[in-house]
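Asks: So here's start.pdb, just PDB, C-alpha atoms:
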ATOM      1  CA  MET Y   1     -28.061  -1.365   4.300
ATOM      2  CA  VAL Y   2     -28.385  -4.501   2.185
ATOM      3  CA  ALA Y   3     -28.280  -2.408  -0.994
ATOM      4  CA  ASP Y   4     -25.014  -0.777   0.137
ATOM      5  CA  THR Y   5     -23.415  -4.188   0.661
ATOM      6  CA  ALA Y   6     -24.582  -5.390  -2.738
ATOM      7  CA  THR Y   7     -23.251  -2.229  -4.391
ATOM      8  CA  GLN Y   8     -19.854  -2.622  -2.714
ATOM      9  CA  THR Y   9     -19.511  -6.243  -3.819
ATOM     10  CA  GLU Y  10     -20.275  -5.250  -7.429
ATOM     11  CA  LYS Y  11     -17.485  -2.669  -7.503
ATOM     12  CA  SER Y  12     -13.935  -3.581  -8.418
ATOM     13  CA  PRO Y  13     -11.167  -3.050  -5.856
ATOM     14  CA  SER Y  14      -9.898  -0.126  -7.937
ATOM     15  CA  GLU Y  15     -13.352   1.490  -7.871
ATOM     16  CA  LEU Y  16     -13.539   1.000  -4.106
ATOM     17  CA  ILE Y  17     -10.126   2.647  -3.689
ATOM     18  CA  ASP Y  18     -11.281   5.530  -5.915
ATOM     19  CA  GLY Y  19     -14.308   5.844  -3.628
ATOM     20  CA  ARG Y  20     -12.181   5.896  -0.484
ATOM     21  CA  ILE Y  21      -9.974   8.646  -1.902
ATOM     22  CA  ALA Y  22     -13.048  10.697  -2.832
ATOM     23  CA  GLU Y  23     -14.832  10.120   0.486
ATOM     24  CA  LEU Y  24     -11.815  11.256   2.507
ATOM     25  CA  GLY Y  25     -11.963  14.579   0.694
ATOM     26  CA  ASP Y  26      -8.953  16.054   2.484
ATOM     27  CA  TRP Y  27      -5.162  15.799   2.554
ATOM     28  CA  ARG Y  28      -5.426  12.075   3.386
ATOM     29  CA  GLY Y  29      -7.265  11.362   0.146
ATOM     30  CA  GLU Y  30      -4.742  13.411  -1.806
ATOM     31  CA  MET Y  31      -1.842  11.599  -0.109
ATOM     32  CA  LEU Y  32      -3.366   8.155  -0.708
ATOM     33  CA  ALA Y  33      -3.961   9.076  -4.367
ATOM     34  CA  ARG Y  34      -0.340  10.235  -4.769
ATOM     35  CA  LEU Y  35       1.023   7.076  -3.114
ATOM     36  CA  ARG Y  36      -1.237   4.890  -5.250
ATOM     37  CA  ALA Y  37      -0.115   6.669  -8.430
ATOM     38  CA  LEU Y  38       3.536   6.150  -7.482
ATOM     39  CA  ILE Y  39       2.909   2.436  -6.841
ATOM     40  CA  GLN Y  40       1.147   2.096 -10.213
ATOM     41  CA  GLN Y  41       3.933   4.006 -11.972
ATOM     42  CA  THR Y  42       6.617   1.858 -10.335
ATOM     43  CA  VAL Y  43       4.778  -1.439 -10.867
ATOM     44  CA  PRO Y  44       2.607  -1.024 -13.987
ATOM     45  CA  ASP Y  45       1.068  -4.511 -13.632
ATOM     46  CA  VAL Y  46       0.296  -4.137  -9.913
ATOM     47  CA  VAL Y  47      -2.918  -5.775  -8.723
ATOM     48  CA  GLU Y  48      -5.164  -3.760  -6.422
ATOM     49  CA  GLU Y  49      -7.302  -5.451  -3.787
ATOM     50  CA  TRP Y  50      -9.742  -4.199  -1.134
ATOM     51  CA  LYS Y  51      -9.356  -6.098   2.147
ATOM     52  CA  TRP Y  52     -10.202  -6.053   5.811
ATOM     53  CA  ARG Y  53     -13.300  -3.881   5.465
ATOM     54  CA  GLY Y  54     -11.702  -1.084   3.543
ATOM     55  CA  VAL Y  55      -7.928  -1.256   3.204
ATOM     56  CA  PRO Y  56      -6.323  -0.833  -0.222
ATOM     57  CA  VAL Y  57      -3.713  -3.536  -0.822
ATOM     58  CA  TRP Y  58      -1.233  -3.793  -3.698
ATOM     59  CA  TYR Y  59       0.135  -7.131  -4.980
ATOM     60  CA  ARG Y  60       2.788  -8.338  -7.394
ATOM     61  CA  ASP Y  61       3.935 -11.941  -6.832
ATOM     62  CA  GLY Y  62       2.669 -11.471  -3.265
ATOM     63  CA  MET Y  63       1.636  -8.537  -1.126
ATOM     64  CA  ILE Y  64       3.681  -5.373  -1.593
ATOM     65  CA  CYS Y  65       1.962  -2.997   0.811
ATOM     66  CA  THR Y  66      -1.274  -1.662   2.249
ATOM     67  CA  GLY Y  67      -2.512   1.926   2.322
ATOM     68  CA  GLU Y  68      -4.341   2.617   5.545
ATOM     69  CA  THR Y  69      -5.868   5.972   6.432
ATOM     70  CA  TYR Y  70      -6.285   7.224   9.968
ATOM     71  CA  LYS Y  71      -7.312  10.551  11.467
ATOM     72  CA  SER Y  72      -3.838  12.076  11.404
ATOM     73  CA  VAL Y  73      -1.798   9.741   9.197
ATOM     74  CA  VAL Y  74      -1.739   7.795   5.953
ATOM     75  CA  LYS Y  75       0.195   4.595   6.632
ATOM     76  CA  LEU Y  76       1.934   2.614   3.914
ATOM     77  CA  THR Y  77       2.720  -0.776   5.445
ATOM     78  CA  PHE Y  78       5.119  -3.074   3.612
ATOM     79  CA  ALA Y  79       4.241  -6.727   4.180
ATOM     80  CA  LYS Y  80       7.893  -7.862   4.220
ATOM     81  CA  GLY Y  81       9.429  -4.516   5.110
ATOM     82  CA  ALA Y  82      11.831  -5.915   7.705
ATOM     83  CA  ALA Y  83      13.582  -7.842   4.912
ATOM     84  CA  LEU Y  84      14.048  -4.740   2.748
ATOM     85  CA  GLU Y  85      17.071  -2.477   2.753
ATOM     86  CA  ASP Y  86      15.828   1.017   3.595
ATOM     87  CA  ALA Y  87      18.903   3.040   2.645
ATOM     88  CA  SER Y  88      16.956   6.318   2.661
ATOM     89  CA  GLY Y  89      15.420   5.685   6.089
ATOM     90  CA  LEU Y  90      11.812   5.966   4.953
ATOM     91  CA  PHE Y  91      10.428   3.481   7.471
ATOM     92  CA  ASN Y  92       9.271   5.410  10.534
ATOM     93  CA  SER Y  93       6.600   3.141  12.024
ATOM     94  CA  SER Y  94       6.136  -0.512  13.030
ATOM     95  CA  LEU Y  95       9.892  -0.722  13.468
ATOM     96  CA  ASP Y  96       9.779  -3.366  16.192
ATOM     97  CA  GLY Y  97       7.908  -5.982  14.168
ATOM     98  CA  ASN Y  98       9.533  -9.141  12.870
ATOM     99  CA  VAL Y  99       8.129  -8.854   9.347
ATOM    100  CA  ARG Y 100       6.312  -5.594   8.549
ATOM    101  CA  ARG Y 101       7.574  -2.035   8.381
ATOM    102  CA  ALA Y 102       5.548   1.105   7.709
ATOM    103  CA  ILE Y 103       5.873   4.699   6.621
ATOM    104  CA  ASP Y 104       3.547   7.186   8.299
ATOM    105  CA  PHE Y 105       2.745  10.225   6.173
ATOM    106  CA  HIS Y 106       1.363  13.269   8.011
ATOM    107  CA  GLU Y 107      -0.347  16.312   6.569
ATOM    108  CA  GLY Y 108       2.187  18.413   4.678
ATOM    109  CA  ASP Y 109       4.820  15.665   4.469
ATOM    110  CA  ALA Y 110       6.806  15.504   1.250
ATOM    111  CA  ILE Y 111       7.132  12.186  -0.530
ATOM    112  CA  ASP Y 112      10.654  11.167  -1.521
ATOM    113  CA  GLU Y 113       9.372   9.606  -4.728
ATOM    114  CA  LYS Y 114      12.714   8.208  -5.874
ATOM    115  CA  ALA Y 115      13.443   6.498  -2.548
ATOM    116  CA  LEU Y 116       9.861   5.213  -2.228
ATOM    117  CA  ALA Y 117       9.912   3.840  -5.783
ATOM    118  CA  GLU Y 118      13.169   2.035  -4.940
ATOM    119  CA  LEU Y 119      11.564   0.547  -1.826
ATOM    120  CA  ILE Y 120       8.496  -0.569  -3.808
ATOM    121  CA  SER Y 121      10.736  -2.110  -6.472
ATOM    122  CA  ALA Y 122      12.742  -3.909  -3.791
ATOM    123  CA  ALA Y 123       9.515  -5.329  -2.307
ATOM    124  CA  VAL Y 124       8.453  -6.589  -5.746
ATOM    125  CA  ALA Y 125      11.898  -8.121  -6.329
ATOM    126  CA  LEU Y 126      11.748  -9.850  -2.942
ATOM    127  CA  ASN Y 127       8.303 -11.273  -3.752
ATOM    128  CA  ALA Y 128       9.508 -12.459  -7.173
ATOM    129  CA  SER Y 129      12.580 -14.150  -5.689
ATOM    130  CA  LYS Y 130      10.444 -16.032  -3.170
ATOM    131  CA  THR Y 131       7.997 -17.067  -5.915
ATOM    132  CA  LYS Y 132      10.818 -18.400  -8.110
ATOM    133  CA  ARG Y 133      12.387 -20.312  -5.187
ATOM    134  CA  ALA Y 134       9.030 -21.839  -4.266
ATOM    135  CA  GLY Y 135       8.539 -22.939  -7.879
ATOM    136  CA  ARG Y 136      11.937 -24.698  -8.031
ATOM    137  CA  SER Y 137      11.546 -26.713  -4.847
ATOM    138  CA  GLY Y 138       9.369 -29.428  -6.368
TER     139      GLY Y 138
END
Could you quickly redo this structure as C-alpha coordinates?
Replies:
Amino acid sequence: MVADTATQTEKSPSELIDGRIAELGDWRGEMLARLRALIQQTVPDVVEEWKWRGVPVWYRDGMICTGETYKSVVKLTFAKGAALEDASGLFNSSLDGNVRRAIDFHEGDAIDEKALAELISAAVALNASKTKRAGRSG
(Lines of atoms letter the chains of each structure in order from A and count residues from 1; the text may use other names and numbers.)
(Lines give C-alpha, C1' and ligand atoms only; values in the text may rest on other atoms or scores of the structure.)
Protein backbone atom coordinates (compact mmCIF):
# COMPACT_ATOMS: atom_id res chain seq x y z
CA MET A 1 0.00 0.00 0.00
CA VAL A 2 2.79 2.44 0.79
CA ALA A 3 4.24 1.97 -2.70
CA ASP A 4 0.86 2.84 -4.26
CA THR A 5 0.71 6.09 -2.29
CA ALA A 6 4.25 7.00 -3.28
CA THR A 7 3.49 6.25 -6.94
CA GLN A 8 0.35 8.42 -6.87
CA THR A 9 2.20 11.38 -5.35
CA GLU A 10 4.87 11.16 -8.07
CA LYS A 11 2.30 11.38 -10.86
CA SER A 12 1.09 14.70 -12.21
CA PRO A 13 -2.61 15.57 -11.92
CA SER A 14 -2.95 15.05 -15.68
CA GLU A 15 -1.44 11.56 -15.39
CA LEU A 16 -3.81 10.74 -12.54
CA ILE A 17 -6.78 11.89 -14.63
CA ASP A 18 -5.51 9.76 -17.54
CA GLY A 19 -5.38 6.84 -15.11
CA ARG A 20 -8.93 7.43 -13.89
CA ILE A 21 -10.24 7.50 -17.45
CA ALA A 22 -8.42 4.25 -18.24
CA GLU A 23 -9.46 2.51 -15.02
CA LEU A 24 -13.14 3.29 -15.58
CA GLY A 25 -12.94 1.45 -18.89
CA ASP A 26 -16.57 2.07 -19.82
CA TRP A 27 -18.86 4.85 -21.04
CA ARG A 28 -17.98 6.93 -17.96
CA GLY A 29 -14.31 7.01 -18.92
CA GLU A 30 -15.20 7.91 -22.49
CA MET A 31 -17.54 10.67 -21.29
CA LEU A 32 -14.98 12.08 -18.85
CA ALA A 33 -12.35 12.04 -21.62
CA ARG A 34 -14.70 13.88 -24.01
CA LEU A 35 -15.59 16.50 -21.37
CA ARG A 36 -11.93 16.97 -20.48
CA ALA A 37 -11.00 17.41 -24.15
CA LEU A 38 -13.73 20.03 -24.57
CA ILE A 39 -12.49 21.91 -21.48
CA GLN A 40 -8.91 21.83 -22.80
CA GLN A 41 -10.05 22.95 -26.26
CA THR A 42 -12.10 25.81 -24.79
CA VAL A 43 -9.43 26.88 -22.29
CA PRO A 44 -6.04 25.94 -23.78
CA ASP A 45 -4.12 27.12 -20.68
CA VAL A 46 -6.41 25.33 -18.20
CA VAL A 47 -4.70 23.88 -15.13
CA GLU A 48 -5.65 20.35 -14.10
CA GLU A 49 -5.61 19.29 -10.46
CA TRP A 50 -6.42 16.05 -8.62
CA LYS A 51 -8.31 16.70 -5.38
CA TRP A 52 -10.40 15.10 -2.69
CA ARG A 53 -9.01 11.59 -3.17
CA GLY A 54 -9.62 11.34 -6.86
CA VAL A 55 -11.63 14.17 -8.40
CA PRO A 56 -10.35 15.92 -11.52
CA VAL A 57 -10.58 19.70 -11.13
CA TRP A 58 -9.98 22.36 -13.78
CA TYR A 59 -8.74 25.89 -12.95
CA ARG A 60 -8.24 29.18 -14.74
CA ASP A 61 -8.08 32.24 -12.45
CA GLY A 62 -9.99 30.08 -9.94
CA MET A 63 -11.90 26.83 -10.08
CA ILE A 64 -13.93 26.25 -13.23
CA CYS A 65 -15.41 22.83 -12.56
CA THR A 66 -14.90 19.30 -11.27
CA GLY A 67 -15.46 16.03 -13.11
CA GLU A 68 -16.85 13.43 -10.76
CA THR A 69 -17.72 9.89 -11.80
CA TYR A 70 -20.40 7.80 -10.15
CA LYS A 71 -22.00 4.46 -10.96
CA SER A 72 -24.62 5.87 -13.31
CA VAL A 73 -23.49 9.44 -14.00
CA VAL A 74 -20.56 11.65 -14.87
CA LYS A 75 -21.10 14.95 -13.06
CA LEU A 76 -19.55 18.21 -14.20
CA THR A 77 -19.93 20.61 -11.27
CA PHE A 78 -19.30 24.31 -11.87
CA ALA A 79 -17.88 25.99 -8.77
CA LYS A 80 -19.75 29.27 -9.39
CA GLY A 81 -22.50 27.85 -11.58
CA ALA A 82 -25.32 29.75 -9.87
CA ALA A 83 -23.75 33.01 -11.10
CA LEU A 84 -23.59 31.84 -14.72
CA GLU A 85 -26.25 32.42 -17.34
CA ASP A 86 -27.30 28.99 -18.61
CA ALA A 87 -29.23 30.02 -21.72
CA SER A 88 -29.20 26.48 -23.12
CA GLY A 89 -30.45 24.91 -19.88
CA LEU A 90 -27.53 22.53 -19.45
CA PHE A 91 -27.59 22.56 -15.65
CA ASN A 92 -29.72 19.64 -14.47
CA SER A 93 -28.34 18.90 -11.00
CA SER A 94 -27.48 20.76 -7.77
CA LEU A 95 -30.02 23.38 -8.77
CA ASP A 96 -30.95 24.33 -5.21
CA GLY A 97 -27.45 25.33 -4.12
CA ASN A 98 -26.43 28.92 -3.51
CA VAL A 99 -23.17 28.71 -5.47
CA ARG A 100 -22.64 25.49 -7.44
CA ARG A 101 -24.54 24.02 -10.36
CA ALA A 102 -23.93 20.70 -12.09
CA ILE A 103 -24.62 18.82 -15.28
CA ASP A 104 -25.25 15.09 -14.93
CA PHE A 105 -24.32 13.07 -18.01
CA HIS A 106 -25.84 9.59 -18.28
CA GLU A 107 -24.84 6.75 -20.57
CA GLY A 108 -25.79 7.61 -24.14
CA ASP A 109 -26.30 11.33 -23.48
CA ALA A 110 -25.19 13.68 -26.23
CA ILE A 111 -22.97 16.61 -25.34
CA ASP A 112 -24.07 20.00 -26.65
CA GLU A 113 -20.47 21.02 -27.24
CA LYS A 114 -21.22 24.58 -28.34
CA ALA A 115 -23.42 25.33 -25.32
CA LEU A 116 -21.00 23.62 -22.91
CA ALA A 117 -18.03 25.54 -24.36
CA GLU A 118 -20.00 28.77 -23.86
CA LEU A 119 -20.69 27.81 -20.24
CA ILE A 120 -17.01 26.97 -19.64
CA SER A 121 -15.97 30.27 -21.22
CA ALA A 122 -18.46 32.14 -19.05
CA ALA A 123 -17.03 30.46 -15.93
CA VAL A 124 -13.50 31.49 -16.95
CA ALA A 125 -14.67 35.06 -17.63
CA LEU A 126 -16.36 35.20 -14.23
CA ASN A 127 -13.18 33.98 -12.52
CA ALA A 128 -11.08 36.54 -14.44
CA SER A 129 -13.43 39.39 -13.52
CA LYS A 130 -13.23 38.49 -9.83
CA THR A 131 -9.43 38.23 -10.02
CA LYS A 132 -9.14 41.67 -11.65
CA ARG A 133 -11.50 43.25 -9.08
CA ALA A 134 -9.55 41.70 -6.21
CA GLY A 135 -6.31 43.07 -7.67
CA ARG A 136 -7.67 46.64 -7.90
CA SER A 137 -8.98 46.85 -4.35
CA GLY A 138 -5.61 47.57 -2.74
Asks: Could you tell me how far CA of Glu30 in chain Y lies from CA of Gly97 in chain Y, in Å and to one decimal?
Replies: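 Rounded to one decimal, the two atoms are 28.1 Å apart.
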Asks: For a cut-off of 8 Å around (1.1, -7.5, -9.6), file coordinates, pick out all residues using all atoms listed in the file and list them as a list of chain:residue names.
Replies: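 Collected hits near the coordinates: Y:Val43, Y:Pro44, Y:Asp45, Y:Val46, Y:Val47, Y:Glu48, Y:Trp58, Y:Tyr59, Y:Arg60, Y:Asp61, Y:Gly62.
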Asks: CA of Ile39 in chain Y and CA of Ile120 in chain Y are how many Å apart?
Replies: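 According to the coordinates, CA of Ile39 in chain Y and CA of Ile120 in chain Y are separated by 7.0 Å.
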Asks: On this structure, the PyMOL selection byres ((chain Y and resi 13) around 10) would catch which residues? List them as an NGL selection string, sorted by chain and number.
Replies: :Y and (8-12 or 14-19 or 47-51 or 54-57)
Asks: Could you tell me how far CA of Lys80 in chain Y sits from CA of Met31 in chain Y, in Å to one decimal place?
Replies: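 Rounded to one decimal, the two atoms are 22.2 Å apart.
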Asks: Find the residue from Y:Arg53, Y:Ala82, Y:Arg34, Y:Gly25 that sits nearest to Ala123 in chain Y; use all atoms listed in the file when measuring.
Replies: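 Of Y:Arg53, Y:Ala82, Y:Arg34, Y:Gly25, the one nearest Ala123 in chain Y, counting all atoms listed in the file, is Y:Ala82.
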Asks: Can you pull out the residues contacting range 74-76 of chain Y? Cut-off 10 Å, using only C-alpha atoms, and skip same-chain residues under 4 positions away; I want them as a list in words.
Replies: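 So, after excluding close chain neighbours, the residues are Trp27, Arg28, Gly29, Met31, Leu32, Leu35, Arg36, Pro56, Val57, Ile64, Cys65, Thr66, Gly67, Glu68, Thr69, Tyr70, Phe91, Asn92, Ser93, Arg101, Ala102, Ile103, Asp104, Phe105, His106 and Glu107 of chain Y.
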